[in-house]
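Visitor: Pasting protein.txt here (compact mmCIF, C-alpha atoms):
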```
# COMPACT_ATOMS: atom_id res chain seq x y z
CA MET A 1 0.00 0.00 0.00
CA ASP A 2 1.33 3.44 -0.97
CA ASN A 3 -0.55 5.61 1.54
CA LEU A 4 1.24 5.12 4.84
CA THR A 5 2.03 7.29 7.82
CA VAL A 6 4.11 6.84 10.94
CA LEU A 7 2.36 5.87 14.15
CA LYS A 8 3.63 8.98 15.96
CA LYS A 9 1.38 11.13 13.76
CA ALA A 10 -1.69 9.21 14.89
CA ALA A 11 -0.98 8.36 18.54
CA PHE A 12 1.30 9.08 21.47
CA PHE A 13 2.30 7.41 24.71
CA SER A 14 0.27 8.59 27.68
CA ASP A 15 2.45 9.44 30.66
CA THR A 16 -0.36 10.54 32.99
CA ARG A 17 0.20 9.07 36.43
CA THR A 18 -2.17 7.87 39.11
CA ASN A 19 -1.72 6.49 42.61
CA SER A 20 -2.58 2.87 43.27
CA SER A 21 -4.92 3.96 46.08
CA LYS A 22 -7.30 5.20 43.36
CA ILE A 23 -7.16 1.91 41.43
CA SER A 24 -8.95 -1.34 42.24
CA VAL A 25 -7.87 -4.81 41.19
CA GLU A 26 -10.72 -4.79 38.64
CA ASN A 27 -9.17 -1.95 36.63
CA PHE A 28 -5.51 -2.72 37.22
CA VAL A 29 -3.59 -4.08 34.23
CA THR A 30 -0.15 -5.70 34.25
CA THR A 31 1.87 -7.45 31.56
CA ASP A 32 0.74 -10.73 33.12
CA SER A 33 -2.96 -9.83 33.02
CA ILE A 34 -2.85 -9.06 29.27
CA LEU A 35 -3.25 -12.42 27.55
CA GLN A 36 -0.84 -13.70 24.91
CA ASN A 37 -1.66 -13.90 21.24
CA LYS A 38 -4.06 -10.93 21.23
CA CYS A 39 -6.64 -12.60 23.47
CA GLY A 40 -7.56 -9.59 25.63
CA ILE A 41 -7.12 -9.50 29.39
CA LYS A 42 -7.84 -11.49 32.53
CA PRO A 43 -8.27 -10.18 36.11
CA SER A 44 -4.97 -9.25 37.71
CA ASP A 45 -3.50 -11.72 40.19
CA VAL A 46 -1.85 -8.93 42.19
CA TYR A 47 -3.12 -5.76 43.79
CA PRO A 48 -2.02 -2.35 42.49
CA ASN A 49 0.86 -0.73 44.31
CA GLY A 50 2.81 2.50 43.91
CA ASN A 51 2.75 5.04 41.10
CA LEU A 52 0.93 3.74 38.03
CA ILE A 53 0.30 4.86 34.46
CA ALA A 54 -3.31 5.99 34.06
CA PHE A 55 -5.33 4.88 31.07
CA GLU A 56 -8.70 6.00 29.74
CA LYS A 57 -11.48 4.14 27.99
CA GLY A 58 -10.49 3.91 24.31
CA ASP A 59 -6.73 3.77 24.99
CA ILE A 60 -4.68 0.92 23.52
CA LEU A 61 -2.58 -1.09 25.99
CA VAL A 62 0.37 -3.18 24.78
CA GLY A 63 2.70 -5.37 26.84
CA ASN A 64 6.25 -4.15 26.32
CA ILE A 65 8.06 -7.16 27.82
CA ARG A 66 8.75 -9.89 25.25
CA PRO A 67 6.76 -8.29 22.42
CA TYR A 68 6.66 -11.62 20.57
CA LEU A 69 3.93 -12.66 23.03
CA LYS A 70 1.59 -10.24 21.19
CA LYS A 71 -0.19 -8.76 24.18
CA ILE A 72 -2.66 -6.03 23.25
CA TRP A 73 -5.98 -4.77 24.66
CA PHE A 74 -8.44 -2.02 23.71
CA ALA A 75 -9.45 -0.45 27.03
CA ASP A 76 -13.18 -0.62 27.74
CA ARG A 77 -12.75 1.22 31.06
CA LYS A 78 -10.40 3.64 32.79
CA GLY A 79 -7.78 2.44 35.23
CA GLY A 80 -4.09 2.11 35.96
CA CYS A 81 -1.32 -0.13 34.67
CA SER A 82 2.22 -1.16 35.52
CA PRO A 83 5.14 0.67 33.83
CA ASP A 84 5.89 -2.21 31.42
CA VAL A 85 2.50 -1.72 29.78
CA LEU A 86 2.52 0.90 27.01
CA VAL A 87 -0.54 3.15 26.83
CA PHE A 88 -1.26 4.51 23.33
CA ARG A 89 -3.67 7.45 23.12
CA THR A 90 -5.06 8.32 19.70
CA LYS A 91 -4.93 11.87 18.39
CA GLN A 92 -8.18 13.67 17.65
CA GLU A 93 -8.23 13.25 13.87
CA PHE A 94 -7.83 9.45 14.10
CA ASP A 95 -10.23 6.70 15.11
CA SER A 96 -8.95 4.84 18.17
CA LYS A 97 -10.39 1.47 17.11
CA PHE A 98 -8.77 1.84 13.68
CA ILE A 99 -5.39 2.50 15.33
CA TYR A 100 -5.98 -0.52 17.58
CA TYR A 101 -6.49 -2.75 14.54
CA SER A 102 -3.45 -1.18 12.85
CA LEU A 103 -1.40 -2.37 15.86
CA PHE A 104 -3.22 -5.71 16.08
CA ARG A 105 -1.30 -7.04 13.08
CA ASP A 106 1.71 -9.32 13.47
CA ASP A 107 3.74 -6.73 11.54
CA PHE A 108 3.52 -4.39 14.52
CA PHE A 109 4.86 -6.92 17.02
CA ASN A 110 7.62 -7.90 14.58
CA HIS A 111 8.51 -4.20 14.38
CA MET A 112 8.65 -4.01 18.18
CA MET A 113 10.96 -7.01 18.34
CA LYS A 114 13.35 -5.53 15.78
CA GLY A 115 13.93 -2.53 18.03
CA SER A 116 13.81 -4.40 21.34
CA LYS A 117 16.69 -4.52 23.80
CA GLY A 118 17.66 -7.44 26.01
CA THR A 119 17.85 -11.19 25.40
CA LYS A 120 15.94 -13.06 28.12
CA MET A 121 13.37 -10.30 28.69
CA PRO A 122 13.46 -8.06 25.60
CA ARG A 123 11.67 -4.72 25.85
CA GLY A 124 10.52 -2.58 22.97
CA ASP A 125 12.15 0.79 22.29
CA LYS A 126 9.48 3.49 22.61
CA ASN A 127 10.99 5.80 20.00
CA GLN A 128 11.40 2.99 17.49
CA ILE A 129 7.86 1.77 18.15
CA LEU A 130 6.40 5.14 17.15
CA ASP A 131 8.11 4.86 13.76
CA PHE A 132 5.87 1.94 12.81
CA LEU A 133 4.07 2.56 9.52
CA ILE A 134 0.27 2.41 9.57
CA PRO A 135 -2.27 2.78 6.72
CA SER A 136 -3.42 6.32 5.96
CA PHE A 137 -7.19 6.66 5.47
CA ASP A 138 -9.53 9.58 6.05
CA LEU A 139 -11.52 9.44 9.28
CA SER A 140 -14.68 8.16 7.60
CA ASN A 141 -12.91 5.16 6.06
CA GLN A 142 -11.06 4.50 9.32
CA GLN A 143 -14.39 4.25 11.10
CA LYS A 144 -15.88 1.96 8.42
CA ILE A 145 -12.92 -0.45 8.60
CA ALA A 146 -12.99 -0.44 12.39
CA ALA A 147 -16.76 -1.10 12.39
CA VAL A 148 -16.39 -4.27 10.29
CA LEU A 149 -13.61 -5.68 12.46
CA SER A 150 -15.31 -4.59 15.68
CA ALA A 151 -18.48 -6.45 14.72
CA LEU A 152 -16.52 -9.69 14.59
CA ASP A 153 -14.76 -8.96 17.88
CA SER A 154 -18.06 -8.03 19.53
CA LYS A 155 -19.49 -11.43 18.61
CA ILE A 156 -16.37 -13.12 19.98
CA GLU A 157 -16.71 -11.14 23.21
CA LEU A 158 -20.40 -12.05 23.50
CA ASN A 159 -19.57 -15.73 23.06
CA ASN A 160 -16.90 -15.42 25.75
CA LEU A 161 -19.43 -13.88 28.13
CA ILE A 162 -21.90 -16.68 27.45
CA ASN A 163 -19.17 -19.26 28.00
CA ALA A 164 -18.17 -17.62 31.27
CA GLU A 165 -21.76 -17.85 32.48
CA LEU A 166 -21.99 -21.48 31.41
CA GLU A 167 -18.70 -22.20 33.19
CA ALA A 168 -19.99 -20.58 36.38
CA MET A 169 -23.16 -22.69 36.21
CA ALA A 170 -21.32 -26.00 35.75
CA LYS A 171 -18.71 -25.20 38.41
CA THR A 172 -21.31 -24.00 40.93
CA LEU A 173 -23.31 -27.18 40.42
CA TYR A 174 -20.17 -29.28 40.93
CA ASP A 175 -19.28 -27.46 44.14
CA TYR A 176 -22.85 -27.73 45.41
CA TRP A 177 -22.96 -31.49 44.82
CA PHE A 178 -19.39 -32.65 45.49
CA VAL A 179 -17.88 -30.06 47.84
CA GLN A 180 -20.89 -29.05 49.95
CA PHE A 181 -22.46 -32.51 49.48
CA ASP A 182 -25.90 -31.07 48.75
CA PHE A 183 -26.66 -33.27 45.77
CA PRO A 184 -30.34 -34.27 45.51
CA ASP A 185 -31.24 -37.11 47.87
CA ALA A 186 -33.87 -39.77 47.16
CA HIS A 187 -36.59 -37.17 47.75
CA GLY A 188 -34.95 -34.47 45.62
CA LYS A 189 -33.79 -32.49 48.65
CA PRO A 190 -30.19 -31.32 49.30
CA TYR A 191 -28.47 -34.27 50.94
CA LYS A 192 -26.33 -32.76 53.71
CA THR A 193 -28.60 -29.79 54.48
CA SER A 194 -31.56 -32.18 54.82
CA GLY A 195 -29.74 -34.33 57.36
CA GLY A 196 -28.16 -36.93 55.07
CA LYS A 197 -25.84 -39.28 56.95
CA MET A 198 -22.22 -38.11 57.01
CA LEU A 199 -19.28 -40.21 58.20
CA TRP A 200 -15.82 -39.10 59.32
CA ASN A 201 -13.02 -40.28 57.01
CA ASP A 202 -9.52 -40.50 58.49
CA GLU A 203 -7.75 -40.42 55.11
CA LEU A 204 -9.46 -37.24 53.91
CA LYS A 205 -9.67 -35.74 57.43
CA ARG A 206 -13.30 -34.73 56.92
CA GLU A 207 -16.82 -36.05 56.79
CA ILE A 208 -18.14 -37.53 53.55
CA PRO A 209 -21.58 -38.90 52.65
CA ASP A 210 -22.42 -42.42 53.78
CA GLY A 211 -21.53 -44.92 51.05
CA TRP A 212 -18.91 -42.73 49.36
CA GLU A 213 -15.35 -44.04 49.19
CA VAL A 214 -11.76 -42.80 49.08
CA GLY A 215 -9.34 -43.23 46.19
CA ASN A 216 -6.58 -41.30 44.47
CA LEU A 217 -6.34 -39.50 41.15
CA SER A 218 -5.48 -42.73 39.33
CA SER A 219 -8.89 -44.08 40.40
CA PHE A 220 -10.39 -41.93 37.66
CA GLY A 221 -8.45 -43.63 34.87
CA GLU A 222 -4.99 -43.93 33.37
CA ILE A 223 -2.47 -41.12 33.94
CA ILE A 224 -0.26 -40.80 30.85
CA GLY A 225 2.91 -38.78 30.30
CA GLY A 226 4.38 -37.57 27.02
CA SER A 227 7.68 -37.01 25.25
CA THR A 228 9.32 -35.14 22.38
CA PRO A 229 10.73 -36.67 19.19
CA PRO A 230 14.15 -35.25 18.18
CA LYS A 231 13.34 -31.79 16.82
CA GLU A 232 16.21 -31.88 14.31
CA VAL A 233 14.57 -34.75 12.40
CA SER A 234 11.91 -33.14 10.22
CA GLU A 235 10.23 -36.42 9.23
CA TYR A 236 9.15 -36.92 12.85
CA PHE A 237 6.78 -33.99 12.49
CA SER A 238 3.93 -33.44 10.07
CA THR A 239 1.32 -30.88 9.05
CA ASN A 240 -1.32 -33.58 8.96
CA GLY A 241 -0.36 -36.06 11.65
CA THR A 242 -1.44 -36.59 15.24
CA ALA A 243 -1.97 -33.41 17.27
CA TRP A 244 1.01 -32.95 19.63
CA ILE A 245 0.28 -30.56 22.51
CA THR A 246 2.80 -28.62 24.60
CA PRO A 247 2.21 -26.33 27.61
CA LYS A 248 2.91 -23.40 25.28
CA ASP A 249 -0.08 -24.47 23.17
CA LEU A 250 -2.29 -24.25 26.25
CA SER A 251 -0.95 -20.79 27.09
CA LEU A 252 -1.83 -19.70 23.53
CA ASN A 253 -5.27 -21.29 23.76
CA GLY A 254 -6.83 -18.11 25.16
CA GLY A 255 -8.09 -19.78 28.32
CA ASN A 256 -10.35 -22.09 26.32
CA LYS A 257 -11.62 -25.27 27.96
CA PHE A 258 -11.08 -27.40 24.83
CA ILE A 259 -8.15 -27.85 22.47
CA THR A 260 -7.85 -29.48 19.04
CA LYS A 261 -4.28 -28.98 17.86
CA GLY A 262 -0.98 -27.43 18.83
CA GLU A 263 1.65 -25.69 16.73
CA LEU A 264 3.00 -29.05 15.55
CA ASP A 265 1.70 -32.49 14.67
CA VAL A 266 3.81 -35.62 14.95
CA SER A 267 4.11 -38.21 12.20
CA ASP A 268 3.69 -41.95 12.69
CA LYS A 269 7.50 -42.22 12.77
CA GLY A 270 7.62 -39.50 15.44
CA LEU A 271 5.06 -41.36 17.54
CA LYS A 272 7.10 -44.53 17.34
CA VAL A 273 10.56 -43.10 18.01
CA ALA A 274 9.35 -41.13 21.05
CA SER A 275 7.14 -43.98 22.31
CA LEU A 276 4.19 -41.61 22.40
CA ASN A 277 0.73 -42.70 23.49
CA VAL A 278 -2.19 -41.49 21.39
CA MET A 279 -5.07 -40.56 23.70
CA PRO A 280 -8.76 -40.39 22.79
CA LYS A 281 -11.17 -37.49 22.48
CA GLY A 282 -12.18 -36.27 25.94
CA THR A 283 -8.74 -36.73 27.50
CA ILE A 284 -8.01 -34.18 30.25
CA LEU A 285 -4.61 -32.57 29.71
CA LEU A 286 -2.85 -31.25 32.83
CA SER A 287 0.43 -29.38 32.44
CA SER A 288 2.81 -30.88 34.98
CA ARG A 289 5.69 -28.45 34.67
CA ALA A 290 6.59 -24.94 33.50
CA PRO A 291 3.94 -24.12 34.63
CA VAL A 292 1.96 -26.65 36.65
CA GLY A 293 -1.82 -26.48 36.47
CA TYR A 294 -2.89 -25.50 32.95
CA MET A 295 -5.81 -27.66 31.80
CA ALA A 296 -7.73 -28.47 28.62
CA ILE A 297 -9.94 -31.20 27.21
CA SER A 298 -8.99 -32.75 23.87
CA ARG A 299 -11.53 -32.49 21.04
CA GLU A 300 -9.82 -35.23 19.04
CA ARG A 301 -7.11 -37.86 19.42
CA VAL A 302 -3.93 -36.22 20.79
CA THR A 303 -0.53 -36.85 22.21
CA THR A 304 1.66 -34.50 24.28
CA ASN A 305 5.21 -33.62 25.16
CA GLN A 306 6.76 -34.44 28.54
CA GLY A 307 5.20 -31.34 30.12
CA PHE A 308 1.89 -33.12 30.73
CA LYS A 309 0.21 -35.72 32.83
CA SER A 310 -3.00 -36.58 30.98
CA PHE A 311 -6.08 -38.36 32.33
CA VAL A 312 -7.85 -40.91 30.13
CA THR A 313 -10.98 -41.38 32.21
CA LYS A 314 -12.98 -44.53 32.89
CA ASP A 315 -16.63 -44.74 31.85
CA VAL A 316 -17.81 -44.56 35.47
CA TYR A 317 -15.89 -41.30 35.95
CA PRO A 318 -16.83 -39.11 32.96
CA THR A 319 -14.67 -36.24 31.74
CA GLU A 320 -17.18 -33.64 32.97
CA PHE A 321 -16.86 -34.84 36.56
CA VAL A 322 -13.12 -35.52 36.59
CA TYR A 323 -12.31 -32.15 35.00
CA TYR A 324 -13.66 -30.13 37.95
CA THR A 325 -12.31 -32.58 40.52
CA ILE A 326 -8.79 -32.02 39.17
CA LYS A 327 -9.39 -28.28 38.83
CA ASN A 328 -10.34 -28.08 42.51
CA LEU A 329 -7.15 -29.97 43.40
CA ILE A 330 -4.76 -27.66 41.48
CA PRO A 331 -3.52 -25.94 44.70
CA ALA A 332 -2.73 -29.35 46.23
CA ILE A 333 -1.09 -30.52 43.01
CA LYS A 334 1.10 -27.40 42.90
CA ASN A 335 2.07 -27.90 46.54
CA ASN A 336 3.30 -31.39 45.67
CA ALA A 337 5.43 -30.18 42.75
CA THR A 338 9.20 -30.38 43.26
CA GLY A 339 12.28 -28.99 41.54
CA SER A 340 14.61 -26.00 41.79
CA THR A 341 14.66 -24.50 38.28
CA PHE A 342 11.22 -25.71 37.17
CA LYS A 343 8.57 -27.12 39.48
CA GLU A 344 7.23 -30.46 38.25
CA VAL A 345 4.72 -33.01 39.47
CA SER A 346 5.17 -36.69 38.62
CA SER A 347 2.64 -39.44 37.95
CA SER A 348 3.68 -41.22 41.14
CA THR A 349 3.07 -38.04 43.13
CA LEU A 350 -0.36 -37.54 41.55
CA LYS A 351 -1.29 -41.07 42.60
CA THR A 352 -0.70 -40.14 46.25
CA ILE A 353 -3.29 -37.33 46.18
CA LYS A 354 -6.45 -38.60 47.82
CA VAL A 355 -9.90 -37.94 46.37
CA CYS A 356 -13.46 -38.62 47.42
CA LEU A 357 -15.21 -41.14 45.15
CA PRO A 358 -18.92 -40.35 45.05
CA ASN A 359 -21.80 -42.70 44.54
CA LYS A 360 -21.90 -43.68 40.86
CA ASP A 361 -25.56 -42.65 40.46
CA VAL A 362 -24.76 -39.15 41.76
CA ILE A 363 -21.95 -38.78 39.21
CA LYS A 364 -24.24 -40.05 36.45
CA ASN A 365 -26.99 -37.53 37.34
CA TYR A 366 -24.47 -34.68 37.50
CA THR A 367 -23.07 -35.61 34.09
CA ILE A 368 -26.54 -35.62 32.56
CA LEU A 369 -27.05 -32.05 33.79
CA VAL A 370 -23.72 -30.59 32.64
CA LYS A 371 -23.04 -32.53 29.44
CA ASP A 372 -25.02 -30.06 27.33
CA ILE A 373 -23.19 -27.16 29.00
CA PHE A 374 -19.82 -28.63 27.98
CA LYS A 375 -21.12 -29.24 24.47
CA ARG A 376 -22.37 -25.67 24.15
CA GLN A 377 -19.04 -24.29 25.41
CA ASP A 378 -17.20 -26.38 22.83
CA ILE A 379 -19.44 -25.08 20.02
CA LEU A 380 -18.91 -21.46 21.07
CA GLU A 381 -15.14 -21.89 21.28
CA VAL A 382 -15.03 -23.34 17.76
CA GLU A 383 -17.22 -20.49 16.50
CA ASN A 384 -14.85 -17.97 18.07
CA GLN A 385 -11.88 -19.59 16.36
CA LYS A 386 -13.63 -19.26 13.00
CA LEU A 387 -14.59 -15.63 13.71
CA ALA A 388 -10.99 -14.82 14.69
CA GLU A 389 -9.72 -16.47 11.51
CA LEU A 390 -12.17 -14.40 9.45
CA ARG A 391 -11.10 -11.20 11.23
CA ASP A 392 -7.42 -11.97 10.74
CA TRP A 393 -8.04 -12.78 7.05
CA LEU A 394 -9.93 -9.54 6.46
CA LEU A 395 -7.61 -7.30 8.49
CA PRO A 396 -4.64 -7.03 6.07
CA MET A 397 -6.91 -6.71 3.03
CA LEU A 398 -8.87 -3.88 4.62
CA MET A 399 -5.68 -2.16 5.70
CA ASN A 400 -3.97 -2.33 2.31
CA GLY A 401 -7.06 -1.34 0.37
CA GLN A 402 -7.65 -4.68 -1.36
CA VAL A 403 -11.11 -4.73 0.17
CA THR A 404 -13.18 -1.59 0.72
CA VAL A 405 -16.25 -1.01 2.87
CA GLU A 406 -19.13 0.59 0.99
```
Please express the file's structure as structure tokens.

Guide:
Amino acid sequence: MDNLTVLKKAAFFSDTRTNSSKISVENFVTTDSILQNKCGIKPSDVYPNGNLIAFEKGDILVGNIRPYLKKIWFADRKGGCSPDVLVFRTKQEFDSKFIYYSLFRDDFFNHMMKGSKGTKMPRGDKNQILDFLIPSFDLSNQQKIAAVLSALDSKIELNNLINAELEAMAKTLYDYWFVQFDFPDAHGKPYKTSGGKMLWNDELKREIPDGWEVGNLSSFGEIIGGSTPPKEVSEYFSTNGTAWITPKDLSLNGGNKFITKGELDVSDKGLKVASLNVMPKGTILLSSRAPVGYMAISRERVTTNQGFKSFVTKDVYPTEFVYYTIKNLIPAIKNNATGSTFKEVSSSTLKTIKVCLPNKDVIKNYTILVKDIFKRQDILEVENQKLAELRDWLLPMLMNGQVTVE
């Protein structure tokens, strides 16, 4: 495209400061709370402290540590952020959403990396960043382009909100039945609250419903590790082989509950040389190191690298039940991880973690209730992937003028 202008003509870095006492955790943004791969933000895990950079609704926030992680967010509220988050504020004659989509492209993050300094934790150079070339359109065309792309992102956001509500419903039901033990009794009343018989269990150090048993995580099914074929042998990998998942793939999965593929597939030769197990649809993947505790459910047959302990569940313990049981045990699993450089949890350690084994009929009734929720979440995640692909396909063509909005 011939009509280009430098970013500094359209936007500038905001250096307005605010004190953390004026900022709540809900509107505090750090480099860790901006999700990788342009997936928005999550609530901050830490509370604001000290002197922060203030941002306004409509500002564009970009993580400046390791720009290759592609962390960007269009602010839908005002708040404060840590110093390693860049706050772009659009000048009056430019549309802020258009500038956001101009920076949303991989070209922008590649530009940041070219000017970055540092090896382990590269940071972008602010002066160099502002030299990035963006498309030059009049304000009306900027707004039209932004409207098309925003419509797709709005649908993605709506799907995410629906999925969050569905997740809250399924998790609340699980906790109500299997943590508070108020599953429906024979008369349809909450078991424990209605005086259902509870017995003290020495192994779990708590009361559990009469007739329930104690097991460990291997009671739910087979716990399977993974491995990596030699990366230098290209024939061990394939573009159309068996999906091979790494913890990095889960971190790039946008917090989704389900996963289909990773960055690489392995060939049949790769499976054989690395002695990899191919696991069925519905396998629960648990990252067991660097970091411990990421989870996803496989949509199709998969295998993994050595950074996972995966659960292939038995019929009597369906995926929907086991998934939340493991999720509730993540703090205990992390506490059992060992290692100096990287914390890791082994299969043998997982087998020592005790679990309560409910009555099979209770599990069956719970699964009937939540199965459709899981299915709906899966459908919405797939729809979002297709919407994101459409947006990313349209974005460069709209920006270079190949496609125009009438």

Visitor: For Asp202 of chain A, find every residue with an atom within 12 Å (counting all atoms listed in the file), except residues of its own chain fewer than 5 positions away, and show them as a list in words.

Guide: Glu207, Ile208, Glu213, Val214, Lys354 and Cys356 of chain A

Visitor: Would you list the contacts of Pro229 of chain A as a PyMOL selection string, taking every protein, DNA or RNA residue within 10 Å and counting all atoms listed in the file, but skipping same-chain residues closer than 2 positions in sequence?

Guide: chain A and resi 227+231-237+266-267+269-276+305

Visitor: Would you mind telling me which residue in A:Glu203, A:Glu56, A:Glu320, A:Glu26 lies nearest to Tyr174 of chain A when using only C-alpha atoms?

Guide: A:Glu320

Visitor: Please provide as a list of chain:residue names all residues within 10 Å of Lys97 of chain A, with the sequence filter that same-chain residues fewer than 2 positions apart are discarded (counting all atoms listed in the file).

Guide: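 Answer for this query is A:Gly58, A:Asp59, A:Ile60, A:Phe74, A:Thr90, A:Phe94, A:Asp95, A:Ile99, A:Tyr100, A:Tyr101, A:Ser102, A:Leu103, A:Gln142, A:Gln143, A:Ile145, A:Ala146, A:Ala147, A:Leu149, A:Ser150.
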
Visitor: Could you check how far atom CA of Lys171 of chain A sits from atom CA of Ile353 of chain A, in Å to one decimal?

Guide: 21.1 Å

Visitor: Which residue is closest to Thr119 of chain A? Choose from A:Ile245, A:Met279, A:Ala164, A:Ile65 and count all atoms listed in the file.

Guide: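 Closest to Thr119 of chain A of all the choices is A:Ile65.
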
Visitor: What lies within 12 Å of Phe13 of chain A using only C-alpha atoms, ignoring chain neighbours under 2 positions off, as a compact mmCIF listing (two decimals) with C-alpha atoms, in the frame of the given file?

Guide:
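The resulting around.txt:
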```txt
# COMPACT_ATOMS: atom_id res chain seq x y z
CA LEU A 7 2.36 5.87 14.15
CA LYS A 8 3.63 8.98 15.96
CA LYS A 9 1.38 11.13 13.76
CA ALA A 10 -1.69 9.21 14.89
CA ALA A 11 -0.98 8.36 18.54
CA ASP A 15 2.45 9.44 30.66
CA THR A 16 -0.36 10.54 32.99
CA ILE A 53 0.30 4.86 34.46
CA ALA A 54 -3.31 5.99 34.06
CA PHE A 55 -5.33 4.88 31.07
CA ASP A 59 -6.73 3.77 24.99
CA ILE A 60 -4.68 0.92 23.52
CA LEU A 61 -2.58 -1.09 25.99
CA VAL A 62 0.37 -3.18 24.78
CA PRO A 83 5.14 0.67 33.83
CA VAL A 85 2.50 -1.72 29.78
CA LEU A 86 2.52 0.90 27.01
CA VAL A 87 -0.54 3.15 26.83
CA PHE A 88 -1.26 4.51 23.33
CA ARG A 89 -3.67 7.45 23.12
CA THR A 90 -5.06 8.32 19.70
CA LYS A 91 -4.93 11.87 18.39
CA LYS A 126 9.48 3.49 22.61
CA ASN A 127 10.99 5.80 20.00
CA ILE A 129 7.86 1.77 18.15
CA LEU A 130 6.40 5.14 17.15
```

Visitor: Can you work out which one of A:Gly211, A:Gly293, A:Gly226, A:Pro48 has the shortest atom-to-atom distance to Phe28 of chain A, counting all atoms listed in the file?

Guide: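 Selected residue with least distance to Phe28 of chain A: A:Pro48.
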
Visitor: Grab the atom CA of Tyr323 of chain A to atom CA of Leu166 of chain A distance for me, in Å with one decimal place.

Guide: 14.8 Å

Visitor: May I have the residues within 8 Å of segment 309-314 of chain A as a list of chain:residue names, using only C-alpha atoms and disregarding those fewer than 2 positions away in the same chain?

Guide: A:Phe220, A:Gly221, A:Glu222, A:Ile223, A:Ile224, A:Gly225, A:Gly226, A:Met279, A:Pro280, A:Gly282, A:Thr283, A:Ile284, A:Leu285, A:Leu286, A:Ser287, A:Ser288, A:Gln306, A:Gly307, A:Val316, A:Tyr317, A:Pro318, A:Thr319, A:Val322, A:Ser346, A:Ser347

Visitor: How far is it from atom CA of Ala337 of chain A to atom CA of Val292 of chain A, in Å with one decimal?

Guide: 7.9 Å

Visitor: For a quick check of understanding, using all atoms listed in the file, which of A:Arg17, A:Lys70, A:Lys343, A:Lys114 has the smallest distance to Leu35 of chain A?

Guide: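 When distances to Leu35 of chain A are compared using all atoms listed in the file, the smallest one comes from A:Lys70.
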
Visitor: Check the smallest atom-to-atom distance from each of A:Gln92, A:Asn37, A:Ser20, A:Asn141 to Leu398 of chain A using only C-alpha atoms, then report the winner.

Guide: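 Comparing A:Gln92, A:Asn37, A:Ser20, A:Asn141 against Leu398 of chain A, the winner is A:Asn141.
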